[in-house]
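A.B. asks: File name upload18.txt; file contents compact mmCIF, C-alpha atoms; full text below.
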# COMPACT_ATOMS: atom_id res chain seq x y z
CA MET A 266 51.11 177.28 -41.19
CA ALA A 267 48.09 176.03 -43.08
CA HIS A 268 44.73 176.23 -41.33
CA GLN A 269 42.21 174.40 -43.54
CA ALA A 270 43.04 170.97 -44.90
CA GLU A 271 41.52 168.58 -47.39
CA LEU A 272 42.57 164.94 -47.52
CA ILE A 273 42.25 163.22 -50.89
CA ALA A 274 42.55 159.43 -51.00
CA VAL A 275 43.13 157.98 -54.46
CA GLY A 276 42.17 154.39 -55.17
CA THR A 277 39.25 152.55 -56.74
CA GLU A 278 39.62 149.84 -54.09
CA LEU A 279 38.54 152.41 -51.47
CA LEU A 280 35.36 153.22 -53.39
CA LEU A 281 34.55 149.54 -53.78
CA GLY A 282 34.90 149.03 -50.04
CA SER A 283 37.65 146.48 -50.51
CA ILE A 284 39.79 148.33 -47.95
CA ALA A 285 39.07 150.98 -45.34
CA ASN A 286 40.51 154.49 -45.58
CA THR A 287 42.55 154.30 -42.38
CA ASP A 288 45.06 156.82 -43.75
CA ALA A 289 42.47 159.60 -43.48
CA GLN A 290 41.73 158.83 -39.84
CA MET A 291 45.41 158.80 -38.97
CA LEU A 292 46.15 162.04 -40.84
CA SER A 293 43.15 163.84 -39.35
CA GLN A 294 44.22 162.96 -35.82
CA ALA A 295 47.78 164.17 -36.46
CA LEU A 296 46.68 167.42 -38.09
CA ALA A 297 44.31 168.15 -35.21
CA GLY A 298 47.34 167.94 -32.95
CA LEU A 299 48.92 170.72 -35.01
CA GLY A 300 45.82 172.88 -34.76
CA ILE A 301 44.96 172.35 -38.45
CA ASN A 302 41.27 171.89 -39.20
CA VAL A 303 40.41 169.09 -41.63
CA TYR A 304 37.27 170.25 -43.40
CA TYR A 305 37.00 167.69 -46.19
CA HIS A 306 37.73 164.00 -46.78
CA THR A 307 37.52 163.06 -50.45
CA VAL A 308 37.92 159.63 -52.02
CA VAL A 309 38.34 159.32 -55.78
CA GLY A 310 39.07 156.32 -57.96
CA ASP A 311 42.05 155.80 -60.25
CA ASN A 312 40.63 158.10 -62.88
CA PRO A 313 42.67 161.14 -64.00
CA GLN A 314 39.68 163.21 -65.11
CA ARG A 315 37.80 162.83 -61.83
CA LEU A 316 40.97 163.40 -59.81
CA ALA A 317 41.59 166.61 -61.75
CA GLN A 318 38.07 167.79 -60.89
CA VAL A 319 38.62 166.98 -57.23
CA MET A 320 41.90 168.92 -57.25
CA GLU A 321 40.25 172.03 -58.68
CA GLN A 322 37.64 171.90 -55.90
CA ALA A 323 40.28 171.40 -53.22
CA LYS A 324 42.29 174.40 -54.46
CA GLN A 325 39.25 176.60 -53.89
CA ARG A 326 38.58 175.54 -50.32
CA ALA A 327 41.78 174.40 -48.62
CA ASP A 328 45.25 175.78 -47.99
CA LEU A 329 46.66 172.32 -47.24
CA ILE A 330 45.99 169.42 -49.60
CA ILE A 331 47.30 165.98 -48.70
CA THR A 332 46.87 163.09 -51.11
CA THR A 333 47.38 159.41 -50.32
CA GLY A 334 47.79 156.64 -52.85
CA GLY A 335 48.52 156.45 -56.55
CA LEU A 336 52.31 156.90 -56.32
CA GLY A 337 53.26 153.35 -57.28
CA PRO A 338 54.73 151.87 -60.48
CA THR A 339 51.60 150.63 -62.25
CA CYS A 340 49.69 152.29 -65.07
CA ASP A 341 46.83 153.41 -62.80
CA ASP A 342 49.19 155.23 -60.40
CA LEU A 343 48.56 158.70 -61.79
CA THR A 344 48.35 160.91 -58.71
CA LYS A 345 51.62 162.76 -59.32
CA GLN A 346 50.86 163.54 -62.94
CA VAL A 347 47.40 164.91 -62.19
CA VAL A 348 48.26 166.83 -59.01
CA ALA A 349 51.39 168.35 -60.51
CA GLY A 350 49.41 169.30 -63.60
CA ALA A 351 46.81 171.07 -61.47
CA PHE A 352 49.57 173.43 -60.36
CA GLY A 353 51.24 173.72 -63.76
CA ARG A 354 54.27 171.67 -62.77
CA LYS A 355 55.94 169.05 -64.93
CA LEU A 356 57.47 165.83 -63.63
CA VAL A 357 61.24 165.47 -63.67
CA PHE A 358 63.46 162.49 -62.98
CA HIS A 359 64.98 162.48 -59.50
CA GLU A 360 68.14 160.40 -59.60
CA GLU A 361 68.58 160.16 -55.84
CA SER A 362 65.10 158.63 -55.49
CA ALA A 363 65.83 156.29 -58.39
CA GLN A 364 68.95 155.06 -56.66
CA ARG A 365 67.05 154.52 -53.42
CA ILE A 366 64.55 152.38 -55.35
CA ARG A 367 67.37 150.33 -56.93
CA ASN A 368 68.95 149.86 -53.52
CA TYR A 369 65.61 148.76 -52.05
CA PHE A 370 65.26 145.92 -54.55
CA ALA A 371 68.90 144.97 -54.20
CA HIS A 372 68.54 144.76 -50.42
CA LYS A 373 65.47 142.54 -50.85
CA ASN A 374 67.38 140.44 -53.40
CA ARG A 375 64.52 140.86 -55.85
CA PRO A 376 64.63 141.82 -59.54
CA MET A 377 63.40 145.33 -60.34
CA SER A 378 61.23 145.96 -63.39
CA ASP A 379 61.80 149.21 -65.25
CA ASN A 380 58.36 150.59 -64.40
CA ASN A 381 59.46 151.00 -60.79
CA LEU A 382 61.55 153.98 -61.86
CA GLN A 383 58.41 155.92 -62.73
CA GLN A 384 58.19 156.40 -58.95
CA ALA A 385 61.28 158.62 -59.24
CA MET A 386 59.43 161.07 -61.51
CA LEU A 387 58.56 163.95 -59.20
CA PRO A 388 57.04 167.44 -59.56
CA GLU A 389 59.64 170.01 -60.50
CA GLY A 390 60.87 172.09 -57.56
CA CYS A 391 59.24 169.94 -54.88
CA THR A 392 60.68 168.87 -51.55
CA VAL A 393 61.28 165.13 -51.80
CA LEU A 394 60.04 163.12 -48.82
CA ASP A 395 62.25 160.03 -48.73
CA ASN A 396 60.44 156.77 -48.14
CA ASP A 397 62.53 154.45 -45.99
CA TRP A 398 59.60 152.05 -45.60
CA GLY A 399 58.81 151.34 -49.27
CA THR A 400 59.71 152.38 -52.80
CA ALA A 401 57.50 155.36 -53.66
CA PRO A 402 58.84 158.68 -52.34
CA GLY A 403 56.46 161.38 -51.24
CA CYS A 404 56.78 165.05 -52.06
CA ALA A 405 55.61 168.48 -50.97
CA TRP A 406 55.61 172.08 -52.21
CA GLU A 407 53.95 175.45 -51.66
CA GLN A 408 52.28 177.44 -54.40
CA ASP A 409 49.58 180.11 -54.58
CA GLY A 410 49.10 180.04 -50.81
CA ILE A 411 48.52 176.28 -50.81
CA THR A 412 50.72 173.55 -49.35
CA VAL A 413 50.56 170.26 -51.24
CA VAL A 414 51.74 166.95 -49.78
CA MET A 415 51.62 163.60 -51.57
CA LEU A 416 52.04 160.34 -49.65
CA PRO A 417 52.00 156.64 -50.52
CA GLY A 418 48.80 154.78 -49.74
CA PRO A 419 49.89 151.64 -47.81
CA PRO A 420 49.07 152.46 -44.16
CA ARG A 421 52.42 151.25 -42.80
CA GLU A 422 54.31 153.54 -45.18
CA CYS A 423 51.87 156.42 -44.79
CA ARG A 424 52.07 156.35 -40.99
CA ALA A 425 55.87 156.34 -40.96
CA MET A 426 56.06 159.07 -43.60
CA LEU A 427 53.60 161.18 -41.62
CA GLU A 428 55.59 160.90 -38.40
CA HIS A 429 59.10 161.26 -39.81
CA ARG A 430 58.61 163.43 -42.90
CA VAL A 431 55.32 165.34 -43.00
CA LEU A 432 54.96 166.56 -39.42
CA PRO A 433 58.52 167.96 -39.32
CA TYR A 434 57.91 169.60 -42.72
CA LEU A 435 54.68 171.26 -41.57
CA ARG A 436 56.20 172.37 -38.28
CA ASP A 437 59.11 173.98 -40.10
CA LYS A 438 56.66 175.94 -42.25
CA GLY A 439 54.67 177.14 -39.27
CA GLU A 440 55.02 180.32 -37.31
CA GLY A 441 55.91 179.52 -33.73
CA GLU A 442 54.81 176.30 -32.03
CA ILE A 443 51.57 174.38 -31.79
CA LEU A 444 51.28 171.87 -28.96
CA SER A 445 48.47 169.54 -27.96
CA ARG A 446 47.80 167.65 -24.75
CA THR A 447 45.18 164.90 -24.80
CA LEU A 448 43.46 163.84 -21.60
CA CYS A 449 41.89 160.36 -21.81
CA LEU A 450 38.73 159.60 -19.85
CA PHE A 451 36.72 156.49 -19.05
CA GLY A 452 33.27 156.41 -17.52
CA ILE A 453 31.89 159.51 -19.24
CA GLY A 454 30.88 160.06 -22.86
CA GLU A 455 31.75 162.79 -25.32
CA SER A 456 28.28 164.36 -25.16
CA ALA A 457 28.34 164.55 -21.36
CA ILE A 458 31.78 166.18 -21.47
CA GLU A 459 30.64 168.66 -24.09
CA ALA A 460 27.54 169.56 -22.05
CA GLN A 461 29.69 170.36 -19.02
CA LEU A 462 32.29 172.35 -20.94
CA ARG A 463 30.28 173.99 -23.72
CA THR A 464 30.46 177.52 -22.30
CA GLU A 465 34.21 177.35 -21.64
CA MET A 466 34.97 175.82 -25.04
CA GLU A 467 32.99 178.50 -26.89
CA SER A 468 34.88 181.28 -25.13
CA MET A 469 38.38 179.82 -25.49
CA THR A 470 40.69 180.99 -28.26
CA ASN A 471 44.19 180.03 -27.12
CA PRO A 472 44.40 177.37 -25.96
CA THR A 473 41.39 175.65 -27.47
CA LEU A 474 39.59 172.63 -26.06
CA ALA A 475 37.77 169.90 -27.97
CA PRO A 476 36.20 166.56 -26.93
CA TYR A 477 36.52 163.45 -29.07
CA ALA A 478 34.76 160.10 -28.84
CA LYS A 479 36.73 156.87 -28.82
CA GLU A 480 35.32 153.36 -28.73
CA GLY A 481 34.21 153.03 -25.12
CA SER A 482 36.04 156.12 -23.87
CA ALA A 483 36.57 159.80 -24.61
CA GLU A 484 39.33 162.36 -25.06
CA LEU A 485 39.78 166.04 -24.31
CA ARG A 486 42.40 167.71 -26.49
CA ILE A 487 43.94 171.00 -25.37
CA THR A 488 45.77 172.80 -28.19
CA ALA A 489 47.91 175.89 -27.66
CA LYS A 490 49.78 178.16 -30.07
CA GLY A 491 52.80 180.15 -28.95
CA GLY A 492 56.25 181.38 -29.79
CA SER A 493 57.93 178.39 -28.16
CA ARG A 494 57.14 174.99 -26.69
CA ALA A 495 57.56 176.41 -23.20
CA GLU A 496 55.01 179.13 -23.94
CA CYS A 497 52.54 176.52 -25.21
CA GLU A 498 53.06 174.37 -22.12
CA ALA A 499 52.43 177.38 -19.90
CA LEU A 500 49.13 178.01 -21.69
CA ILE A 501 48.06 174.37 -21.44
CA ALA A 502 48.98 173.81 -17.77
CA PRO A 503 46.17 175.77 -16.04
CA VAL A 504 43.54 174.33 -18.38
CA GLU A 505 44.75 170.80 -17.73
CA GLN A 506 44.79 171.42 -13.98
CA ALA A 507 41.20 172.70 -14.05
CA LEU A 508 40.05 169.69 -16.08
CA ARG A 509 41.75 167.27 -13.71
CA GLN A 510 40.03 168.92 -10.76
CA ARG A 511 36.67 168.68 -12.53
CA PHE A 512 36.85 165.11 -13.85
CA GLY A 513 39.17 163.57 -11.25
CA ALA A 514 39.43 159.79 -11.39
CA LEU A 515 37.61 159.66 -14.75
CA ILE A 516 40.91 160.77 -16.32
CA TYR A 517 43.08 157.70 -16.76
CA GLY A 518 46.02 159.35 -18.48
CA ALA A 519 47.39 162.07 -20.72
CA ASP A 520 48.81 161.38 -24.18
CA VAL A 521 48.49 157.63 -23.61
CA LYS A 522 47.42 154.95 -26.05
CA ASP A 523 44.59 153.31 -24.11
CA LEU A 524 43.43 151.84 -20.82
CA THR A 525 45.27 148.58 -21.44
CA GLU A 526 48.59 150.38 -21.66
CA VAL A 527 47.91 152.35 -18.47
CA ALA A 528 46.77 149.33 -16.44
CA CYS A 529 49.68 147.15 -17.57
CA LYS A 530 52.21 149.90 -16.90
CA LEU A 531 50.95 150.17 -13.33
CA LEU A 532 51.12 146.38 -12.89
CA LEU A 533 54.72 146.36 -14.11
CA GLU A 534 55.79 149.40 -12.08
CA GLN A 535 54.36 147.95 -8.87
CA GLY A 536 55.23 144.32 -9.54
CA VAL A 537 51.61 143.23 -9.01
CA THR A 538 50.48 140.01 -10.70
CA LEU A 539 47.08 139.48 -12.36
CA ALA A 540 44.98 136.52 -13.48
CA THR A 541 41.69 136.59 -15.41
CA ALA A 542 38.55 134.44 -15.58
CA GLU A 543 36.37 135.54 -18.51
CA SER A 544 32.99 134.28 -19.57
CA CYS A 545 31.14 136.71 -21.87
CA THR A 546 34.32 138.52 -22.96
CA GLY A 547 35.81 135.26 -24.20
CA GLY A 548 39.42 136.14 -23.44
CA MET A 549 39.38 139.73 -24.72
CA ILE A 550 41.00 141.06 -21.55
CA ALA A 551 43.82 138.53 -21.71
CA GLN A 552 44.29 139.17 -25.42
CA ARG A 553 44.65 142.92 -24.96
CA ILE A 554 47.03 142.51 -22.06
CA THR A 555 49.24 140.05 -23.94
CA ASP A 556 49.39 142.37 -26.95
CA LEU A 557 51.92 144.37 -24.91
CA ALA A 558 55.52 143.25 -24.67
CA GLY A 559 56.93 142.43 -21.25
CA VAL A 560 53.66 141.66 -19.46
CA SER A 561 54.68 138.06 -18.84
CA ALA A 562 56.37 139.44 -15.72
CA VAL A 563 52.98 140.26 -14.20
CA PHE A 564 50.25 138.40 -16.11
CA LYS A 565 49.86 134.90 -14.71
CA GLY A 566 47.32 133.74 -17.27
CA GLY A 567 43.61 133.46 -17.90
CA VAL A 568 40.73 131.04 -18.32
CA VAL A 569 37.86 131.42 -20.79
CA CYS A 570 35.14 129.90 -18.64
CA TYR A 571 32.14 129.90 -20.95
CA THR A 572 30.31 126.99 -19.33
CA ASN A 573 29.33 126.37 -15.74
CA GLU A 574 31.47 123.23 -15.71
CA VAL A 575 34.60 125.25 -16.50
CA LYS A 576 33.66 127.92 -13.98
CA ARG A 577 33.35 125.17 -11.37
CA ASP A 578 36.15 122.77 -12.30
CA LEU A 579 38.90 125.11 -13.52
CA VAL A 580 38.20 128.36 -11.68
CA GLY A 581 36.73 126.96 -8.47
CA VAL A 582 33.31 128.62 -8.37
CA SER A 583 31.11 126.55 -6.08
CA GLU A 584 28.23 124.53 -7.50
CA THR A 585 26.01 126.10 -4.86
CA LEU A 586 26.58 129.62 -6.21
CA LEU A 587 26.02 128.53 -9.79
CA THR A 588 22.79 126.70 -8.93
CA GLU A 589 21.35 129.29 -6.58
CA TYR A 590 22.24 132.52 -8.38
CA GLY A 591 23.05 131.49 -11.94
CA ALA A 592 26.17 132.18 -13.99
CA VAL A 593 25.22 135.82 -14.58
CA SER A 594 25.16 137.15 -11.04
CA GLU A 595 27.22 139.17 -8.61
CA PRO A 596 28.05 136.16 -6.37
CA VAL A 597 29.37 134.14 -9.31
CA CYS A 598 31.39 137.12 -10.52
CA ARG A 599 32.94 137.32 -7.06
CA GLY A 600 33.65 133.63 -7.23
CA LEU A 601 35.39 134.02 -10.60
CA ALA A 602 37.64 136.85 -9.41
CA GLU A 603 38.52 135.14 -6.14
CA GLY A 604 38.85 131.68 -7.63
CA ILE A 605 41.22 132.59 -10.46
CA ARG A 606 43.38 134.62 -8.07
CA ARG A 607 43.79 131.60 -5.82
CA LYS A 608 44.15 129.03 -8.62
CA LEU A 609 46.94 130.92 -10.41
CA GLY A 610 48.57 132.40 -7.32
CA ALA A 611 48.14 136.00 -8.45
CA ASP A 612 47.94 139.19 -6.41
CA LEU A 613 44.77 140.22 -8.27
CA GLY A 614 41.98 138.23 -9.88
CA LEU A 615 39.68 139.71 -12.51
CA GLY A 616 36.38 138.00 -13.34
CA VAL A 617 33.71 138.80 -15.94
CA THR A 618 30.31 137.21 -16.54
CA GLY A 619 27.24 138.51 -18.32
CA VAL A 620 24.78 138.39 -21.19
CA ALA A 621 26.54 139.87 -24.20
CA GLY A 622 23.66 139.18 -26.57
CA PRO A 623 21.88 138.98 -28.87
CA GLY A 624 19.44 137.00 -26.69
CA SER A 625 18.78 136.78 -22.97
CA ASP A 626 20.08 133.80 -20.96
CA ASP A 627 18.17 130.80 -19.63
CA ARG A 628 17.20 132.69 -16.47
CA GLY A 629 15.77 135.64 -18.38
CA ASN A 630 18.59 138.04 -17.60
CA PRO A 631 18.49 140.87 -20.15
CA VAL A 632 21.07 141.48 -22.84
CA GLY A 633 23.69 143.90 -21.54
CA LEU A 634 23.61 142.75 -17.90
CA ILE A 635 27.28 142.19 -17.09
CA TYR A 636 29.24 141.84 -13.86
CA VAL A 637 32.95 142.66 -13.59
CA GLY A 638 34.84 141.78 -10.42
CA LEU A 639 38.30 142.43 -9.01
CA SER A 640 39.73 140.57 -6.04
CA ASP A 641 42.84 140.99 -3.92
CA ARG A 642 43.73 138.98 -0.80
CA ALA A 643 41.44 141.04 1.42
CA HIS A 644 38.56 142.40 -0.67
CA THR A 645 36.47 141.81 -3.77
CA TRP A 646 34.73 144.57 -5.71
CA VAL A 647 32.03 144.02 -8.33
CA ARG A 648 30.58 146.42 -10.88
CA GLU A 649 27.13 145.77 -12.30
CA LEU A 650 26.79 147.07 -15.86
CA ARG A 651 23.49 147.67 -17.65
CA LEU A 652 24.46 148.03 -21.26
CA GLY A 653 22.67 147.93 -24.62
CA PRO A 654 21.75 145.34 -27.26
CA ASP A 655 25.02 145.37 -29.23
CA ARG A 656 27.07 142.23 -28.51
CA ALA A 657 30.41 143.62 -29.71
CA GLN A 658 30.00 146.85 -27.75
CA ASN A 659 28.98 144.96 -24.62
CA ARG A 660 32.06 142.75 -24.75
CA ASN A 661 34.34 145.73 -25.40
CA PHE A 662 32.85 147.82 -22.60
CA ALA A 663 33.07 144.94 -20.15
CA THR A 664 36.74 144.54 -21.06
CA LEU A 665 37.40 148.24 -20.56
CA ASN A 666 35.64 148.20 -17.19
CA GLY A 667 37.87 145.37 -16.03
CA LEU A 668 41.00 147.23 -17.06
CA ASP A 669 39.67 150.40 -15.42
CA MET A 670 39.14 148.57 -12.15
CA VAL A 671 42.75 147.39 -12.24
CA ARG A 672 43.89 150.92 -13.03
CA ARG A 673 41.89 152.43 -10.18
CA TYR A 674 43.03 149.81 -7.67
CA LEU A 675 46.70 150.36 -8.45
CA SER A 676 46.24 154.14 -8.42
CA GLY A 677 44.69 154.12 -4.94
CA LEU A 678 41.28 155.23 -6.28
CA PRO A 679 37.79 153.87 -5.49
CA VAL A 680 37.38 150.69 -7.57
CA GLU A 681 33.61 150.27 -7.87
Represent the structure contained in this file as structure tokens.

C.D. replies:
Amino acid sequence: MAHQAELIAVGTELLLGSIANTDAQMLSQALAGLGINVYYHTVVGDNPQRLAQVMEQAKQRADLIITTGGLGPTCDDLTKQVVAGAFGRKLVFHEESAQRIRNYFAHKNRPMSDNNLQQAMLPEGCTVLDNDWGTAPGCAWEQDGITVVMLPGPPRECRAMLEHRVLPYLRDKGEGEILSRTLCLFGIGESAIEAQLRTEMESMTNPTLAPYAKEGSAELRITAKGGSRAECEALIAPVEQALRQRFGALIYGADVKDLTEVACKLLLEQGVTLATAESCTGGMIAQRITDLAGVSAVFKGGVVCYTNEVKRDLVGVSETLLTEYGAVSEPVCRGLAEGIRRKLGADLGLGVTGVAGPGSDDRGNPVGLIYVGLSDRAHTWVRELRLGPDRAQNRNFATLNGLDMVRRYLSGLPVE
């Protein structure tokens, strides 16, 4: 299997900043799971001369080259011609792909212009990667010790092609198995993890261990190479066990999407209902929860209580608490969590109040002071957060803390 990869995104719109290169992020994450190091990300416009120069550089420094974009029917879609030419391959008409394109337009009941068939011109001798999510097929081949893969640029198509075409292709070309296990952590940053594990990581060869930062959380990826999946799992197991013993409750899952998914899964499994009262997060917790299908069985609803009047009249926080302590305080946070639980008849109430920024509040509370509270029928727990000046980060981190409190409560772990 290839070991050093370069990703080449083709499209002037990427250079202009009109769209973000999300394909590269997605591909890098997937290749890391295969134990393939991505050493270079290159973006080049729809210019055949500059793309040819980029290809010559990539051939000198990578044994896996993946291109995205430039496979469509328009005159500036020149990726195949240039990349094939860099390896001395001519383009040939692939009738099966042409028929798939005709069928695509027929199914959509749309007329097909002749230029769409240029997408069926593919490098001679390549493996065709059928595109069931669009019109432009991908392709792959091996030559001179280099594996070349070309994928369409639209993220929806690229993601599906990666999962269903590219990863199986690369695995088939590999020797043995490569398996990754990703532990997800909240409450500790990538740098703190790396500081604790630096010595172990430097000495490990198989499996390997690498920390990654995510927005508001962190990951530890264990990657093993072996003759079979069972052999890889046997290599990963003791490392995972040691990490779980070290980081304990900071680990909220393995190979999971995010904290929202974990918290909602626990709510559904245990049949526990939740209601939210959000001030500074403005409904972010409720929005993330309701992004998941099926949560109506456990999510009662939420109130965005931005003003004191709403905190008092809709959630039930007493005027005395609001006057004496102010909206950004531990007592009011308790009142939000307890009040919304009672008002909506939920098993758990989650309340958030704070100063997200950019300025302090009318009582002089600093930006980044946030309280997050969780209440059941017997107890209420409140976390005080002292965060930074960034409004978006403060709101996101407050949201994640709320979800983490739910996760800990339902997992029988300390909540605060």

A.B. asks: Leaving out segment 358-374 of chain A and any residue of its chain fewer than 6 positions from it, which residues lie within 12 Å of it when counting all atoms listed in the file, given as number ranges by chain?

C.D. replies: A: 337-338, 380-404

A.B. asks: With distances taken over only C-alpha atoms, which of A:Gly418, A:Gly298, A:Gly633, A:Gly282 is nearest to Gly334 of chain A?

C.D. replies: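 Ranked by minimum distance to Gly334 of chain A, first place goes to A:Gly418.
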
A.B. asks: Excluding Glu465 of chain A and its own-chain neighbours fewer than 6 positions away, which residues fall within 12 Å of it when counting only C-alpha atoms? Please give them as a VMD selection string.

C.D. replies: chain A and resid 458 to 459 471 to 475 504 507 to 508

A.B. asks: My list of candidates is A:Leu435, A:Ile453, A:Leu416, A:Met377. Which is closest to Gly513 of chain A when distances are computed with only C-alpha atoms?

C.D. replies: A:Ile453

A.B. asks: Given the point (40.1, 163.7, -62.3) in the coordinates of this file, which residues lie within 12 Å, counting only C-alpha atoms, and how would they look as JSON, numbers by chain?

C.D. replies: {"A": [273, 275, 276, 308, 309, 310, 311, 312, 313, 314, 315, 316, 317, 318, 319, 320, 321, 322, 323, 343, 344, 345, 346, 347, 348, 350, 351]}

A.B. asks: Which residues are near Cys529 of chain A? Cut-off 9 Å, all atoms listed in the file, ignore same chain within fewer than 2 positions. Put them as JSON, numbers by chain.

C.D. replies: {"A": [524, 525, 526, 527, 531, 532, 533, 534, 554, 557, 560, 563, 564, 668, 671, 672]}

A.B. asks: Between atom CA of Cys497 of chain A and atom CA of Asp520 of chain A, what is the distance, to one decimal in Å?

C.D. replies: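 Going from atom CA of Cys497 of chain A over to atom CA of Asp520 of chain A covers 15.6 Å.
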
A.B. asks: List the spatial neighbours of Thr488 of chain A as a PyMOL selection string - criterion: any atom at most 12 Å away, all atoms listed in the file, same-chain residues fewer than 2 positions off excluded.

C.D. replies: chain A and resi 296-302+442-448+466+469-476+485-486+490-491+494+496-502+504-505

A.B. asks: Just give me the residues with any atom within 12 Å of (44.1, 134.8, -4.4), file coordinates, counting only C-alpha atoms, written as a PDB file with C-alpha atoms, in the coordinates of the input.

C.D. replies:
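Wrote selection-v6.pdb, looks like this:
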ATOM      1  CA  THR A 538      50.480 140.010 -10.700  1.00  0.00           C
ATOM      2  CA  LEU A 539      47.080 139.480 -12.360  1.00  0.00           C
ATOM      3  CA  ALA A 540      44.980 136.520 -13.480  1.00  0.00           C
ATOM      4  CA  THR A 541      41.690 136.590 -15.410  1.00  0.00           C
ATOM      5  CA  LYS A 565      49.860 134.900 -14.710  1.00  0.00           C
ATOM      6  CA  VAL A 580      38.200 128.360 -11.680  1.00  0.00           C
ATOM      7  CA  GLY A 581      36.730 126.960  -8.470  1.00  0.00           C
ATOM      8  CA  ARG A 599      32.940 137.320  -7.060  1.00  0.00           C
ATOM      9  CA  GLY A 600      33.650 133.630  -7.230  1.00  0.00           C
ATOM     10  CA  LEU A 601      35.390 134.020 -10.600  1.00  0.00           C
ATOM     11  CA  ALA A 602      37.640 136.850  -9.410  1.00  0.00           C
ATOM     12  CA  GLU A 603      38.520 135.140  -6.140  1.00  0.00           C
ATOM     13  CA  GLY A 604      38.850 131.680  -7.630  1.00  0.00           C
ATOM     14  CA  ILE A 605      41.220 132.590 -10.460  1.00  0.00           C
ATOM     15  CA  ARG A 606      43.380 134.620  -8.070  1.00  0.00           C
ATOM     16  CA  ARG A 607      43.790 131.600  -5.820  1.00  0.00           C
ATOM     17  CA  LYS A 608      44.150 129.030  -8.620  1.00  0.00           C
ATOM     18  CA  LEU A 609      46.940 130.920 -10.410  1.00  0.00           C
ATOM     19  CA  GLY A 610      48.570 132.400  -7.320  1.00  0.00           C
ATOM     20  CA  ALA A 611      48.140 136.000  -8.450  1.00  0.00           C
ATOM     21  CA  ASP A 612      47.940 139.190  -6.410  1.00  0.00           C
ATOM     22  CA  LEU A 613      44.770 140.220  -8.270  1.00  0.00           C
ATOM     23  CA  GLY A 614      41.980 138.230  -9.880  1.00  0.00           C
ATOM     24  CA  LEU A 615      39.680 139.710 -12.510  1.00  0.00           C
ATOM     25  CA  LEU A 639      38.300 142.430  -9.010  1.00  0.00           C
ATOM     26  CA  SER A 640      39.730 140.570  -6.040  1.00  0.00           C
ATOM     27  CA  ASP A 641      42.840 140.990  -3.920  1.00  0.00           C
ATOM     28  CA  ARG A 642      43.730 138.980  -0.800  1.00  0.00           C
ATOM     29  CA  ALA A 643      41.440 141.040   1.420  1.00  0.00           C
ATOM     30  CA  HIS A 644      38.560 142.400  -0.670  1.00  0.00           C
ATOM     31  CA  THR A 645      36.470 141.810  -3.770  1.00  0.00           C
TER      32      THR A 645
END

A.B. asks: Would you list the contacts of Val597 of chain A as a PyMOL selection string, taking every protein, DNA or RNA residue within 9 Å and counting all atoms listed in the file, but skipping same-chain residues closer than 6 positions in sequence?

C.D. replies: chain A and resi 576+582-583+586-587+590-591+616+618+636

A.B. asks: Report the distance between atom CA of Leu336 of chain A and atom CA of Met415 of chain A in Å, rounded to one decimal place.

C.D. replies: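 We find that atom CA of Leu336 of chain A and atom CA of Met415 of chain A lie 8.2 Å from each other.
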
A.B. asks: Which of these, A:Asp409, A:Glu584, A:Glu271, A:Asp578, has the shortest distance to Ala327 of chain A once you count all atoms listed in the file?

C.D. replies: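 The answer is A:Glu271, which sits nearest to Ala327 of chain A.
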
A.B. asks: In Å, how far is it from atom CA of Leu329 of chain A to atom CA of Ala405 of chain A?

C.D. replies: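 Interatomic distance here is 10.4 Å.
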
A.B. asks: With distances taken over all atoms listed in the file, which of A:Leu579, A:Ala274, A:Val414, A:Val569 is nearest to Met426 of chain A?

C.D. replies: A:Val414

A.B. asks: From the list A:Ala519, A:Val593, A:Ala295, A:Ala270, which residue is nearest Asn630 of chain A when using only C-alpha atoms?

C.D. replies: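 Ranked by minimum distance to Asn630 of chain A, first place goes to A:Val593.
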
A.B. asks: Go through A:Gly548, A:Gly559, A:Gly410, A:Gly638 and flag the residue nearest Asp669 of chain A, using all atoms listed in the file for the distances.

C.D. replies: A:Gly638
